[in-house]
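Asks: Dropping in entry.cif, which is mmCIF, C-alpha atoms:
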```cif
data_upload
#
loop_
_atom_site.label_atom_id
_atom_site.label_comp_id
_atom_site.auth_asym_id
_atom_site.auth_seq_id
_atom_site.Cartn_x
_atom_site.Cartn_y
_atom_site.Cartn_z
CA MET A 595 21.27 -16.20 -8.20
CA PRO A 596 24.36 -18.32 -8.84
CA ASP A 597 26.21 -17.58 -5.58
CA GLY A 598 24.15 -19.91 -3.41
CA CYS A 599 22.00 -19.24 -0.37
CA SER A 600 21.67 -20.42 3.20
CA LEU A 601 18.36 -20.50 5.05
CA LEU A 602 18.54 -19.21 8.61
CA ILE A 603 15.52 -19.90 10.82
CA LEU A 604 15.50 -17.71 13.92
CA ALA A 605 14.32 -19.85 16.84
CA GLY A 606 15.82 -18.24 19.93
CA GLY A 607 13.07 -15.86 21.01
CA ARG A 608 11.56 -15.79 24.48
CA SER A 609 7.97 -16.28 23.22
CA ARG A 610 6.53 -14.25 26.10
CA ARG A 611 3.14 -13.62 24.49
CA MET A 612 2.83 -17.23 23.33
CA GLY A 613 3.70 -18.55 26.79
CA ARG A 614 5.86 -21.37 25.42
CA ASP A 615 8.64 -21.91 22.90
CA LYS A 616 7.19 -21.05 19.48
CA SER A 617 9.78 -23.12 17.63
CA GLN A 618 8.49 -26.28 19.33
CA LEU A 619 4.76 -25.74 18.73
CA PRO A 620 3.19 -28.83 17.15
CA ALA A 621 2.69 -28.52 13.39
CA GLY A 622 1.53 -31.62 11.57
CA ASP A 623 3.86 -34.51 12.34
CA GLY A 624 6.56 -32.32 13.85
CA THR A 625 7.23 -28.86 15.21
CA LEU A 626 6.97 -25.40 13.69
CA ILE A 627 10.70 -25.62 12.89
CA ASP A 628 10.16 -28.95 11.10
CA HIS A 629 7.29 -27.40 9.16
CA LEU A 630 9.47 -24.50 7.98
CA VAL A 631 12.36 -26.79 7.10
CA ARG A 632 10.11 -29.02 4.97
CA ARG A 633 8.60 -25.97 3.31
CA LEU A 634 11.71 -23.87 2.63
CA ALA A 635 14.83 -26.08 2.63
CA PRO A 636 14.32 -27.25 -0.99
CA GLU A 637 14.82 -23.63 -2.09
CA VAL A 638 18.30 -23.19 -0.55
CA ASP A 639 21.72 -24.82 -0.36
CA GLU A 640 21.86 -25.32 3.43
CA THR A 641 19.61 -24.83 6.45
CA LEU A 642 20.65 -23.35 9.79
CA VAL A 643 18.59 -22.84 12.94
CA ALA A 644 19.78 -20.14 15.34
CA GLY A 645 18.78 -20.85 18.91
CA GLY A 646 16.01 -23.12 20.00
CA PRO A 647 16.38 -26.21 22.16
CA GLU A 648 19.01 -28.89 21.79
CA GLY A 649 17.71 -32.13 20.35
CA ALA A 650 16.89 -33.98 17.21
CA TRP A 651 16.64 -31.95 14.01
CA SER A 652 15.69 -32.81 10.49
CA ALA A 653 18.46 -34.32 8.40
CA GLY A 654 20.77 -31.68 7.00
CA VAL A 655 19.75 -28.99 9.50
CA ARG A 656 22.51 -27.43 11.58
CA ARG A 657 21.64 -25.78 14.90
CA ILE A 658 23.86 -22.91 16.02
CA ASP A 659 24.05 -21.01 19.31
CA ASP A 660 23.90 -17.21 19.41
CA HIS A 661 27.24 -15.51 20.00
CA TYR A 662 25.26 -12.88 21.93
CA PRO A 663 22.49 -14.83 23.71
CA GLY A 664 19.35 -13.00 24.72
CA LEU A 665 19.91 -9.97 22.47
CA GLY A 666 17.08 -10.68 20.05
CA PRO A 667 16.76 -11.25 16.30
CA LEU A 668 19.75 -9.12 15.33
CA ALA A 669 22.00 -11.40 17.40
CA GLY A 670 20.47 -14.44 15.69
CA ILE A 671 21.08 -12.90 12.28
CA HIS A 672 24.70 -12.20 13.28
CA THR A 673 25.24 -15.80 14.34
CA GLY A 674 23.70 -17.11 11.12
CA LEU A 675 25.79 -14.86 8.89
CA LEU A 676 28.95 -16.04 10.66
CA ALA A 677 27.97 -19.70 10.22
CA ALA A 678 26.61 -19.50 6.67
CA GLY A 679 28.40 -21.46 4.00
CA PHE A 680 26.98 -19.31 1.20
CA PRO A 681 27.12 -15.57 0.44
CA TRP A 682 23.41 -14.89 0.79
CA VAL A 683 21.34 -15.79 3.85
CA TRP A 684 17.56 -15.93 3.75
CA VAL A 685 16.48 -15.11 7.31
CA VAL A 686 13.04 -16.36 8.42
CA ALA A 687 11.62 -16.08 11.93
CA CYS A 688 10.23 -19.36 13.25
CA ASP A 689 6.83 -17.74 13.89
CA LEU A 690 6.18 -17.15 10.17
CA PRO A 691 4.79 -20.58 9.22
CA ASP A 692 3.27 -19.57 5.88
CA VAL A 693 6.37 -18.14 4.20
CA GLU A 694 5.99 -18.81 0.50
CA PRO A 695 8.93 -20.92 -0.75
CA ALA A 696 9.21 -18.82 -3.93
CA LEU A 697 9.76 -15.70 -1.82
CA GLY A 698 13.40 -16.61 -1.25
CA GLY A 699 14.06 -16.77 -4.98
CA LEU A 700 12.33 -13.45 -5.57
CA LEU A 701 14.37 -11.72 -2.87
CA ARG A 702 17.65 -13.22 -4.09
CA SER A 703 16.87 -12.17 -7.67
CA LEU A 704 16.86 -8.53 -6.49
CA ALA A 705 20.11 -8.71 -4.50
CA ALA A 706 22.63 -7.39 -7.03
CA GLY A 707 24.60 -4.45 -5.69
CA VAL A 708 23.01 -4.28 -2.23
CA ASP A 709 23.66 -5.63 1.27
CA ALA A 710 20.11 -6.83 1.89
CA VAL A 711 16.74 -7.29 0.24
CA VAL A 712 13.86 -6.61 2.60
CA PRO A 713 10.10 -6.73 2.04
CA ARG A 714 8.37 -3.52 3.11
CA LEU A 715 4.67 -3.63 3.94
CA GLU A 716 2.39 -0.87 5.18
CA ASP A 717 3.53 -1.51 8.76
CA GLY A 718 7.21 -1.23 7.81
CA PRO A 719 10.22 -3.34 6.81
CA GLN A 720 10.04 -7.08 7.44
CA GLY A 721 13.62 -7.61 8.55
CA VAL A 722 13.06 -11.14 9.88
CA CYS A 723 11.89 -12.42 6.51
CA ALA A 724 14.62 -11.00 4.31
CA VAL A 725 17.87 -11.80 2.51
CA TYR A 726 21.21 -10.54 3.85
CA HIS A 727 24.77 -10.81 2.55
CA ARG A 728 27.00 -12.63 5.02
CA SER A 729 29.63 -9.88 4.76
CA LEU A 730 27.40 -7.88 7.15
CA ALA A 731 28.44 -10.05 10.11
CA PRO A 732 31.29 -7.80 11.34
CA ARG A 733 29.11 -4.67 11.14
CA ILE A 734 26.34 -6.39 13.12
CA GLY A 735 28.87 -7.63 15.68
CA THR A 736 30.06 -4.04 16.18
CA MET A 737 26.46 -2.87 16.60
CA LEU A 738 25.73 -5.55 19.19
CA GLU A 739 28.92 -4.70 21.11
CA ALA A 740 27.77 -1.07 21.17
CA GLY A 741 24.38 -2.05 22.60
CA GLU A 742 22.44 -1.61 19.35
CA ARG A 743 19.94 -4.47 19.05
CA ARG A 744 17.34 -3.34 16.53
CA VAL A 745 17.17 -4.80 13.04
CA LEU A 746 15.77 -1.44 11.89
CA ASP A 747 19.02 0.24 12.97
CA LEU A 748 20.95 -2.17 10.78
CA LEU A 749 18.68 -1.49 7.81
CA ALA A 750 19.17 2.25 8.25
CA SER A 751 22.95 1.84 7.97
CA ILE A 752 23.33 -0.42 4.91
CA GLU A 753 22.34 -0.57 1.24
CA VAL A 754 18.88 -2.15 1.15
CA ARG A 755 16.64 -3.01 -1.77
CA PHE A 756 13.14 -2.73 -0.31
CA VAL A 757 10.50 -4.86 -2.01
CA SER A 758 7.00 -3.43 -2.38
CA PRO A 759 3.75 -5.30 -1.69
CA ALA A 760 3.01 -5.28 -5.44
CA GLU A 761 6.30 -7.05 -6.14
CA LEU A 762 5.77 -9.51 -3.30
CA ARG A 763 2.31 -10.41 -4.62
CA GLN A 764 3.98 -11.95 -7.68
CA VAL A 765 4.84 -14.96 -5.51
CA ASP A 766 2.51 -14.47 -2.53
CA PRO A 767 -0.77 -12.90 -3.71
CA GLU A 768 -2.29 -12.66 -0.21
CA LEU A 769 1.01 -11.83 1.56
CA HIS A 770 0.54 -14.78 3.91
CA SER A 771 4.32 -15.02 4.29
CA PHE A 772 4.22 -12.18 6.80
CA ARG A 773 1.43 -13.47 9.04
CA ASN A 774 3.13 -14.34 12.31
CA LEU A 775 2.11 -16.33 15.35
CA ASN A 776 2.52 -14.22 18.48
CA THR A 777 -0.23 -15.48 20.77
CA PRO A 778 -2.05 -18.76 21.48
CA ALA A 779 -5.04 -17.31 19.55
CA ASP A 780 -2.82 -16.69 16.49
CA TYR A 781 -1.56 -20.27 16.70
CA GLU A 782 -5.06 -21.77 17.05
CA ALA A 783 -6.26 -19.71 14.08
CA TRP A 784 -3.32 -20.95 12.01
CA LEU A 785 -4.07 -24.59 12.91
CA THR A 786 -7.70 -24.05 11.83
CA ARG A 787 -6.63 -22.55 8.48
CA ARG A 788 -4.22 -25.39 7.66
#
```
In structure tokens, what does this structure look like?

Replies:
Amino acid sequence: MPDGCSLLILAGGRSRRMGRDKSQLPAGDGTLIDHLVRRLAPEVDETLVAGGPEGAWSAGVRRIDDHYPGLGPLAGIHTGLLAAGFPWVWVVACDLPDVEPALGGLLRSLAAGVDAVVPRLEDGPQGVCAVYHRSLAPRIGTMLEAGERRVLDLLASIEVRFVSPAELRQVDPELHSFRNLNTPADYEAWLTRR
């Protein structure tokens, strides 16, 4: 897609089930955020991190604070769309360490004529591993002001191209991109698989 794309890593969650900040979990020679940046940044034109702690970041990564702190992933998406320097924003939650780099290209290739491209698995839409057009920022801001905080509510109100498991398997045969780390056991299992 010729318009360019920003990567937005959502790192502002409370990590209640994990018991500590997921974005700062050790991963190789850095953190989970560093791991995702190394893995996905080559596929995009800029990399943003919404939320997470202050501190040193990989070169070329810009950290941004939520305009609506504590309101969840939709607020992080809003902040990223406002800050993005490119029309399309590939949103990836920081607890999805195995996102396939080619997934971003697949999603962007399906974006013509829609507001968002969202994988849909058996358990529903995967709104925190999806591509959104930055023009959605005002609509999301209005939703947040009205107390609406669910990504699913956004998806129900815009033009979405949902991507089936069969289509996703073209770039991610085992659908590992959507395996998230919610608990210490999930994290330990991921470290063992690496």

Asks: My list of candidates is A:Leu738, A:Ala669, A:Ala605, A:Ser751. Which is closest to Ala644 of chain A when distances are computed with only C-alpha atoms?

Replies: A:Ala605

Asks: Specify as a VMD selection string each residue included when the PyMOL selection byres ((chain A and resi 692) around 12) is applied to this file.

Replies: chain A and resid 621 626 to 627 629 to 634 686 to 691 693 to 697 723 766 768 to 775 781 784 to 785 787 to 788

Asks: Where does the PyMOL selection byres ((chain A and resi 744-749) around 10) land in this file, that is, which residues does it pick, as a PDB file with C-alpha atoms, in the frame of the given file?

Replies:
```
ATOM      1  CA  LEU A 665      19.910  -9.970  22.470  1.00  0.00           C
ATOM      2  CA  GLY A 666      17.080 -10.680  20.050  1.00  0.00           C
ATOM      3  CA  PRO A 667      16.760 -11.250  16.300  1.00  0.00           C
ATOM      4  CA  LEU A 668      19.750  -9.120  15.330  1.00  0.00           C
ATOM      5  CA  ALA A 669      22.000 -11.400  17.400  1.00  0.00           C
ATOM      6  CA  ILE A 671      21.080 -12.900  12.280  1.00  0.00           C
ATOM      7  CA  ASP A 709      23.660  -5.630   1.270  1.00  0.00           C
ATOM      8  CA  ALA A 710      20.110  -6.830   1.890  1.00  0.00           C
ATOM      9  CA  VAL A 711      16.740  -7.290   0.240  1.00  0.00           C
ATOM     10  CA  VAL A 712      13.860  -6.610   2.600  1.00  0.00           C
ATOM     11  CA  GLY A 718       7.210  -1.230   7.810  1.00  0.00           C
ATOM     12  CA  PRO A 719      10.220  -3.340   6.810  1.00  0.00           C
ATOM     13  CA  GLN A 720      10.040  -7.080   7.440  1.00  0.00           C
ATOM     14  CA  GLY A 721      13.620  -7.610   8.550  1.00  0.00           C
ATOM     15  CA  VAL A 722      13.060 -11.140   9.880  1.00  0.00           C
ATOM     16  CA  LEU A 730      27.400  -7.880   7.150  1.00  0.00           C
ATOM     17  CA  ARG A 733      29.110  -4.670  11.140  1.00  0.00           C
ATOM     18  CA  ILE A 734      26.340  -6.390  13.120  1.00  0.00           C
ATOM     19  CA  MET A 737      26.460  -2.870  16.600  1.00  0.00           C
ATOM     20  CA  LEU A 738      25.730  -5.550  19.190  1.00  0.00           C
ATOM     21  CA  GLY A 741      24.380  -2.050  22.600  1.00  0.00           C
ATOM     22  CA  GLU A 742      22.440  -1.610  19.350  1.00  0.00           C
ATOM     23  CA  ARG A 743      19.940  -4.470  19.050  1.00  0.00           C
ATOM     24  CA  ALA A 750      19.170   2.250   8.250  1.00  0.00           C
ATOM     25  CA  SER A 751      22.950   1.840   7.970  1.00  0.00           C
ATOM     26  CA  ILE A 752      23.330  -0.420   4.910  1.00  0.00           C
ATOM     27  CA  GLU A 753      22.340  -0.570   1.240  1.00  0.00           C
ATOM     28  CA  VAL A 754      18.880  -2.150   1.150  1.00  0.00           C
ATOM     29  CA  ARG A 755      16.640  -3.010  -1.770  1.00  0.00           C
ATOM     30  CA  PHE A 756      13.140  -2.730  -0.310  1.00  0.00           C
TER      31      PHE A 756
END
```

Asks: Just want the 9 Å neighbourhood of Asp659 of chain A, counted on all atoms listed in the file, with same-chain residues fewer than 3 positions away dropped. Output as an MDAnalysis selection string.

Replies: chainID A and resid 606 643:646 662:663 670 673

Asks: Taking the file as shown, find all residues satisfying the PyMOL selection byres ((chain A and resi 641) around 9) and write them as a list in words.

Replies: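 Expected selection for the PyMOL selection byres ((chain A and resi 641) around 9) here is Ser600, Leu601, Leu602, Ile603, Val631, Leu634, Ala635, Val638, Asp639, Glu640, Leu642, Val643, Gly654, Val655, Arg656, Arg657 and Ala678 of chain A.
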
Asks: Distance atom CA of Ala706 of chain A-atom CA of Val725 of chain A, one decimal place?

Replies: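 Spanning atom CA of Ala706 of chain A to atom CA of Val725 of chain A is a straight-line distance of 11.5 Å.
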
Asks: Atom CA of Ala760 of chain A to atom CA of Pro681 of chain A: how many Å, to one decimal?

Replies: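 Computing the Euclidean distance for atom CA of Ala760 of chain A and atom CA of Pro681 of chain A yields 26.9 Å.
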
Asks: Please indicate the distance in Å from atom CA of Ala724 of chain A to atom CA of Gly664 of chain A, rounded to one decimal place.

Replies: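 The value is 21.0 Å.
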
Asks: Point out the residue among A:Arg728, A:Arg714, A:Arg702, A:Arg611 with the least atom-to-atom distance to Gly674 of chain A, counting only C-alpha atoms.

Replies: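 Smallest separation from Gly674 of chain A among the options: A:Arg728.
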
Asks: Kindly indicate which residue among A:Gly624, A:Trp684, A:Met612, A:Leu676 lies nearest to Cys599 of chain A, using only C-alpha atoms for the distances.

Replies: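 Result for the nearest residue to Cys599 of chain A: A:Trp684.
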